[in-house]
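Chemist: One structure, as structure tokens, below. Some questions next.
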Amino acid sequence: MDYCKKYHMIRPHDTIVAGISGGADSVCLLFVLLEMQKQIPFQLKVVHVNHGIREDAGEDARFVEALCSRYELPFYLVEEQVRERAKQSGVSEEEEGRLVRYQAFERVLGETEGRIAVAHNSNDRAETMLFHLFRGTGLTGASGIRPVNGKIIRPLLCVTREEIEAWLSEKGISFCQDSTNAQDHYTRNRIRHHILPYAEEQICQGAVVNMNRAADDLLGAEEFISRKTKQGMERCVKEKGEGELLIDLRAFAVEDDYLKGRILLSCLGKAAGSKKDITAAHIRAVEKLFAATGSKQLQLPYEIMVYKKYDLGMIKRNVKGENIVPAVEEKQREYAVTIPGEIMVPGLGRVEFAVFSGLKSQNIPEKTYTKWFDYDKITSSVVFRTKRPGDYLTIKSKAGTGHKSLQDYFVNQKIPKDRRSEIFMLTEQSHILWIPGHRISEYYKVSEATCNILQVTIPAMEEKIQ
């Protein structure tokens, strides 16, 4: 109760839509909300989502429906085929399931004043922190899950999974067991089953609690920096129209280096309408553009165009066919990637990116312009770009697996010097994943241990060779 009051989670006469799966965490959430109703007058609605993955999922739905009937709560059952939807949308089942759940919660809440309650706990927050840190994150991701995020509230974020199960046992409250939680198919489950238990047992008892304290500190720091970012925006950014921002580059140049990145992230988020797929690589590309001399332009995801002319920068969602920079002295040779999504690359055309779960029974495609990569090995942003000093591939030779410089590869393949600067490659920093039409790096190849696969396809080039 105190935790909810601290973050002002529930207001009198709100409608609270609770996502209840039937597992320990969500059942605990339901009973906590019922207790809170005794002190705060609010309407409680329950949503249960059947993802269509487990054969026994119907039993969970009936269990939750029975709970709602006992306490006279409105019950909403949503049934979706998440596995099929994930294949169609090109995302993982885990991500598609999350989208399905929150869409269902939003539909039930509708235009009613209120919040959506979900059952994340301290362990979930610690797992998310590690997941983001391993994959590469900024301060926001390092703080893990927030207690309140827009309409989303998390009343159980202050308690551990062990405390939840002990409380349910003490109260004699039953719950369902989701068999998929015991599997290591999802990345978060591997963190849950192996990394956090090891940390608790072998490094520091209370690691989860300590990580949550750190998350609260990081959240406070994030809120402070957000205020400073807003002040920086007021000093050097002007919103000209919807999705269009002008940057005074002289004022921008004197801002703190860290704050510059946050200002650009905010600008790109405003122009795109979302920060979800804006990565550190995109920010660095814009910083590099603004620091260069002359007039230049850059294309980013969401049809965002960035250009610099003298002391003025512009970030704008481009209207199809519009030429926002009539004269550009030098072409930008880097194209940031959104996963899943697509981009246009000179000489290659449309390049499509999709992510899906790896299955041992799947056959790796033997196509020249459709390639699979081990997505779990990609720890930072990837881009399509031309060559740079220090580029390398991982290759196999008689001596074993090792690095080979791009320069040596070009020489061995007898690629003419005048063509080398025109070849676009998929890269992660200096490590080349793929030179279309040539080869992929051994390091990123899919194996039996691969859990998530990145598929990259160049349809126009594939059609040419058929």
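Residues are referred to by chain and number: the chain letter is A, B, ... according to the order shown in the structure tokens, the number counts from 1 in that chain, and ligands are numbered separately from 1 in the order shown.
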Env of Gly90 in chain A: 7 Å cut, atoms = only C-alpha atoms, seq-sep filter 5 positions within chain, self excluded. Answer as a list in words.
Modeler: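 Selected residues are Pro340, Ala354, Val355 and Phe356 of chain A.
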Chemist: Identify, with DSSP run on backbone atoms, the residues in range 157-375 of chain A assigned to alpha helix (DSSP H), and express the list as an NGL selection string.
Modeler: :A and (161-171 or 187-190 or 196-198 or 207-236 or 249-253 or 257-272 or 280-291)
